[in-house]
Amino acid sequence: MLWQVLAELVLLIHFVFIAFVLFGGILTIWWRWIPWVHLPAALWAAALEFGGWICPLTPLENRLRQASGEAGYTGGFLEYYALPVIYPQGLTPDMQFWLGFVVVLFTLVTYGFVGWRKASGI
């Protein structure tokens with residue numbers, strides 16, 4: 001039971017990390033220190049996608065699931081959880097490149113918006 005709870009906790013942390021990578025720049029509106037945490041997280045996420053690597057949380061989750069008696073899964077986190085919803089055919093290197101590009105683009109747009117907002121006094 002403990003291993004299953006820990007596996008679910010890792011899954012939750014993974015989802016929170018992805019949400020933070022995509023939307024964390026918006027938090028800069030309220031907290032000036034956020035870029036010091038968000039930008040390295042976004043760079044890490046983009047590097048994982050551009051490099052075609054698997055996030056270290058994925059093997060950890062799989063080990064915990066196997067320790068609890070469940071079967072782990074093959075491939076990466078996005079391929080297992082998100083791609084069946086977004087891209088039913090699976091993850092390819094080209095898709096990973098574009099996912100990394102989306103992370104970088106979204107981060108740049110977010111910080112551009114936040115900078116514009118602060119400069120205009122909104």
# chains A, B, ... in the order shown; residues from 1 in each chain; ligands from 1
$ residues_around --residues "region 22-32 of chain A" --least-positions-apart "6" --cutoff "9 Å" --atoms "only C-alpha atoms" --output "ChimeraX atom specification"
/A:38-39,42,102-103,106-108,110-111,113-115,117-118
$ write_last_selection --atoms "N, CA, C and O atoms" --output "JSON list (two decimals), in the first residue's frame"
[["chain", "number", "residue", "atom", "x", "y", "z"],
["A", 38, "HIS", "N", 11.28, 29.03, -11.93],
["A", 38, "HIS", "CA", 10.56, 28.63, -13.13],
["A", 38, "HIS", "C", 11.47, 28.45, -14.34],
["A", 38, "HIS", "O", 11.33, 27.47, -15.08],
["A", 39, "LEU", "N", 12.37, 29.39, -14.58],
["A", 39, "LEU", "CA", 13.21, 29.29, -15.78],
["A", 39, "LEU", "C", 14.08, 28.04, -15.79],
["A", 39, "LEU", "O", 14.14, 27.35, -16.81],
["A", 42, "ALA", "N", 11.72, 25.19, -16.66],
["A", 42, "ALA", "CA", 11.33, 25.22, -18.07],
["A", 42, "ALA", "C", 12.49, 24.77, -18.96],
["A", 42, "ALA", "O", 12.29, 24.03, -19.93],
["A", 102, "VAL", "N", 7.20, 24.11, -27.86],
["A", 102, "VAL", "CA", 6.03, 24.72, -27.21],
["A", 102, "VAL", "C", 6.39, 25.22, -25.82],
["A", 102, "VAL", "O", 5.98, 26.31, -25.43],
["A", 103, "VAL", "N", 7.17, 24.45, -25.07],
["A", 103, "VAL", "CA", 7.60, 24.88, -23.73],
["A", 103, "VAL", "C", 8.38, 26.19, -23.83],
["A", 103, "VAL", "O", 8.11, 27.15, -23.11],
["A", 106, "PHE", "N", 6.01, 29.08, -25.16],
["A", 106, "PHE", "CA", 5.04, 29.48, -24.14],
["A", 106, "PHE", "C", 5.71, 30.26, -23.02],
["A", 106, "PHE", "O", 5.18, 31.26, -22.54],
["A", 107, "THR", "N", 6.91, 29.84, -22.64],
["A", 107, "THR", "CA", 7.66, 30.55, -21.60],
["A", 107, "THR", "C", 8.03, 31.95, -22.07],
["A", 107, "THR", "O", 7.86, 32.93, -21.33],
["A", 108, "LEU", "N", 8.51, 32.07, -23.30],
["A", 108, "LEU", "CA", 8.87, 33.40, -23.83],
["A", 108, "LEU", "C", 7.65, 34.31, -23.92],
["A", 108, "LEU", "O", 7.72, 35.49, -23.56],
["A", 110, "THR", "N", 4.88, 34.09, -22.17],
["A", 110, "THR", "CA", 4.44, 34.41, -20.81],
["A", 110, "THR", "C", 5.28, 35.51, -20.20],
["A", 110, "THR", "O", 4.75, 36.48, -19.65],
["A", 111, "TYR", "N", 6.60, 35.39, -20.28],
["A", 111, "TYR", "CA", 7.46, 36.42, -19.71],
["A", 111, "TYR", "C", 7.35, 37.73, -20.49],
["A", 111, "TYR", "O", 7.47, 38.81, -19.91],
["A", 113, "PHE", "N", 4.56, 38.80, -21.85],
["A", 113, "PHE", "CA", 3.31, 39.36, -21.35],
["A", 113, "PHE", "C", 3.49, 39.98, -19.96],
["A", 113, "PHE", "O", 3.03, 41.10, -19.70],
["A", 114, "VAL", "N", 4.18, 39.26, -19.09],
["A", 114, "VAL", "CA", 4.40, 39.77, -17.73],
["A", 114, "VAL", "C", 5.24, 41.04, -17.78],
["A", 114, "VAL", "O", 4.94, 42.03, -17.10],
["A", 115, "GLY", "N", 6.26, 41.04, -18.61],
["A", 115, "GLY", "CA", 7.08, 42.25, -18.75],
["A", 115, "GLY", "C", 6.30, 43.43, -19.31],
["A", 115, "GLY", "O", 6.42, 44.56, -18.82],
["A", 117, "ARG", "N", 3.08, 43.84, -19.07],
["A", 117, "ARG", "CA", 2.12, 44.22, -18.04],
["A", 117, "ARG", "C", 2.75, 45.12, -16.98],
["A", 117, "ARG", "O", 2.19, 46.12, -16.57],
["A", 118, "LYS", "N", 3.96, 44.73, -16.57],
["A", 118, "LYS", "CA", 4.66, 45.54, -15.56],
["A", 118, "LYS", "C", 5.09, 46.89, -16.13],
["A", 118, "LYS", "O", 5.00, 47.91, -15.45]]
$ select_by_dssp --residues "chain A" --states "alpha helix (DSSP H)" --output "VMD selection string"
chain A and resid 2 to 23 34 to 51 57 to 67 77 83 to 86 93 to 119
$ write_last_selection --atoms "C-alpha atoms" --output "PDB file, in the first residue's frame"
ATOM      1  CA  LEU A   2       2.808   2.433   0.898  1.00  0.00           C
ATOM      2  CA  TRP A   3       4.531   1.873  -2.466  1.00  0.00           C
ATOM      3  CA  GLN A   4       1.300   2.536  -4.322  1.00  0.00           C
ATOM      4  CA  VAL A   5       0.730   5.776  -2.393  1.00  0.00           C
ATOM      5  CA  LEU A   6       4.308   6.855  -3.115  1.00  0.00           C
ATOM      6  CA  ALA A   7       3.844   6.049  -6.830  1.00  0.00           C
ATOM      7  CA  GLU A   8       0.698   8.180  -6.904  1.00  0.00           C
ATOM      8  CA  LEU A   9       2.574  10.976  -5.111  1.00  0.00           C
ATOM      9  CA  VAL A  10       5.317  10.878  -7.757  1.00  0.00           C
ATOM     10  CA  LEU A  11       2.602  10.989 -10.441  1.00  0.00           C
ATOM     11  CA  LEU A  12       1.050  14.039  -8.772  1.00  0.00           C
ATOM     12  CA  ILE A  13       4.447  15.763  -8.502  1.00  0.00           C
ATOM     13  CA  HIS A  14       5.004  15.053 -12.191  1.00  0.00           C
ATOM     14  CA  PHE A  15       1.707  16.663 -13.177  1.00  0.00           C
ATOM     15  CA  VAL A  16       2.350  19.674 -10.903  1.00  0.00           C
ATOM     16  CA  PHE A  17       5.824  20.093 -12.412  1.00  0.00           C
ATOM     17  CA  ILE A  18       4.412  20.085 -15.949  1.00  0.00           C
ATOM     18  CA  ALA A  19       1.727  22.609 -14.986  1.00  0.00           C
ATOM     19  CA  PHE A  20       4.386  24.781 -13.338  1.00  0.00           C
ATOM     20  CA  VAL A  21       6.579  24.599 -16.449  1.00  0.00           C
ATOM     21  CA  LEU A  22       3.686  25.675 -18.666  1.00  0.00           C
ATOM     22  CA  PHE A  23       2.043  28.273 -16.430  1.00  0.00           C
ATOM     23  CA  ILE A  34       9.450  32.893  -9.390  1.00  0.00           C
ATOM     24  CA  PRO A  35      11.709  33.221 -12.485  1.00  0.00           C
ATOM     25  CA  TRP A  36      14.621  31.915 -10.405  1.00  0.00           C
ATOM     26  CA  VAL A  37      12.705  28.656 -10.001  1.00  0.00           C
ATOM     27  CA  HIS A  38      10.561  28.625 -13.127  1.00  0.00           C
ATOM     28  CA  LEU A  39      13.209  29.293 -15.776  1.00  0.00           C
ATOM     29  CA  PRO A  40      15.469  26.397 -14.699  1.00  0.00           C
ATOM     30  CA  ALA A  41      12.396  24.132 -14.571  1.00  0.00           C
ATOM     31  CA  ALA A  42      11.335  25.216 -18.073  1.00  0.00           C
ATOM     32  CA  LEU A  43      14.880  24.754 -19.393  1.00  0.00           C
ATOM     33  CA  TRP A  44      15.022  21.278 -17.850  1.00  0.00           C
ATOM     34  CA  ALA A  45      11.680  20.329 -19.413  1.00  0.00           C
ATOM     35  CA  ALA A  46      12.709  21.673 -22.819  1.00  0.00           C
ATOM     36  CA  ALA A  47      16.074  19.878 -22.603  1.00  0.00           C
ATOM     37  CA  LEU A  48      14.298  16.603 -21.833  1.00  0.00           C
ATOM     38  CA  GLU A  49      12.089  17.041 -24.889  1.00  0.00           C
ATOM     39  CA  PHE A  50      14.829  18.259 -27.231  1.00  0.00           C
ATOM     40  CA  GLY A  51      17.155  15.470 -26.093  1.00  0.00           C
ATOM     41  CA  LEU A  57      10.468  10.733 -12.184  1.00  0.00           C
ATOM     42  CA  THR A  58       9.171   8.170 -14.708  1.00  0.00           C
ATOM     43  CA  PRO A  59      11.529   5.317 -13.737  1.00  0.00           C
ATOM     44  CA  LEU A  60      10.994   6.207 -10.067  1.00  0.00           C
ATOM     45  CA  GLU A  61       7.234   5.927 -10.475  1.00  0.00           C
ATOM     46  CA  ASN A  62       7.646   2.624 -12.332  1.00  0.00           C
ATOM     47  CA  ARG A  63       9.878   1.178  -9.587  1.00  0.00           C
ATOM     48  CA  LEU A  64       7.377   2.201  -6.940  1.00  0.00           C
ATOM     49  CA  ARG A  65       4.506   0.673  -8.912  1.00  0.00           C
ATOM     50  CA  GLN A  66       6.436  -2.568  -9.358  1.00  0.00           C
ATOM     51  CA  ALA A  67       7.285  -2.616  -5.631  1.00  0.00           C
ATOM     52  CA  PHE A  77       5.483   9.963 -18.661  1.00  0.00           C
ATOM     53  CA  LEU A  83      -0.221  11.150 -25.467  1.00  0.00           C
ATOM     54  CA  PRO A  84      -3.103   8.666 -25.436  1.00  0.00           C
ATOM     55  CA  VAL A  85      -5.330  11.708 -24.997  1.00  0.00           C
ATOM     56  CA  ILE A  86      -3.454  14.196 -27.192  1.00  0.00           C
ATOM     57  CA  PRO A  93      11.247  12.323 -31.807  1.00  0.00           C
ATOM     58  CA  ASP A  94       9.583  14.973 -33.981  1.00  0.00           C
ATOM     59  CA  MET A  95       6.711  15.278 -31.499  1.00  0.00           C
ATOM     60  CA  GLN A  96       9.176  15.598 -28.642  1.00  0.00           C
ATOM     61  CA  PHE A  97      10.979  18.384 -30.489  1.00  0.00           C
ATOM     62  CA  TRP A  98       7.708  20.253 -30.954  1.00  0.00           C
ATOM     63  CA  LEU A  99       6.722  19.725 -27.329  1.00  0.00           C
ATOM     64  CA  GLY A 100      10.059  21.243 -26.314  1.00  0.00           C
ATOM     65  CA  PHE A 101       9.469  24.102 -28.740  1.00  0.00           C
ATOM     66  CA  VAL A 102       6.032  24.716 -27.213  1.00  0.00           C
ATOM     67  CA  VAL A 103       7.600  24.883 -23.730  1.00  0.00           C
ATOM     68  CA  VAL A 104      10.165  27.446 -24.890  1.00  0.00           C
ATOM     69  CA  LEU A 105       7.646  29.480 -26.902  1.00  0.00           C
ATOM     70  CA  PHE A 106       5.037  29.484 -24.142  1.00  0.00           C
ATOM     71  CA  THR A 107       7.658  30.551 -21.601  1.00  0.00           C
ATOM     72  CA  LEU A 108       8.869  33.398 -23.826  1.00  0.00           C
ATOM     73  CA  VAL A 109       5.312  34.582 -24.499  1.00  0.00           C
ATOM     74  CA  THR A 110       4.437  34.406 -20.807  1.00  0.00           C
ATOM     75  CA  TYR A 111       7.463  36.416 -19.714  1.00  0.00           C
ATOM     76  CA  GLY A 112       6.872  38.865 -22.556  1.00  0.00           C
ATOM     77  CA  PHE A 113       3.306  39.365 -21.348  1.00  0.00           C
ATOM     78  CA  VAL A 114       4.400  39.765 -17.729  1.00  0.00           C
ATOM     79  CA  GLY A 115       7.084  42.251 -18.751  1.00  0.00           C
ATOM     80  CA  TRP A 116       4.632  44.213 -20.888  1.00  0.00           C
ATOM     81  CA  ARG A 117       2.121  44.224 -18.040  1.00  0.00           C
ATOM     82  CA  LYS A 118       4.657  45.545 -15.558  1.00  0.00           C
ATOM     83  CA  ALA A 119       6.004  48.146 -17.998  1.00  0.00           C
TER      84      ALA A 119
END
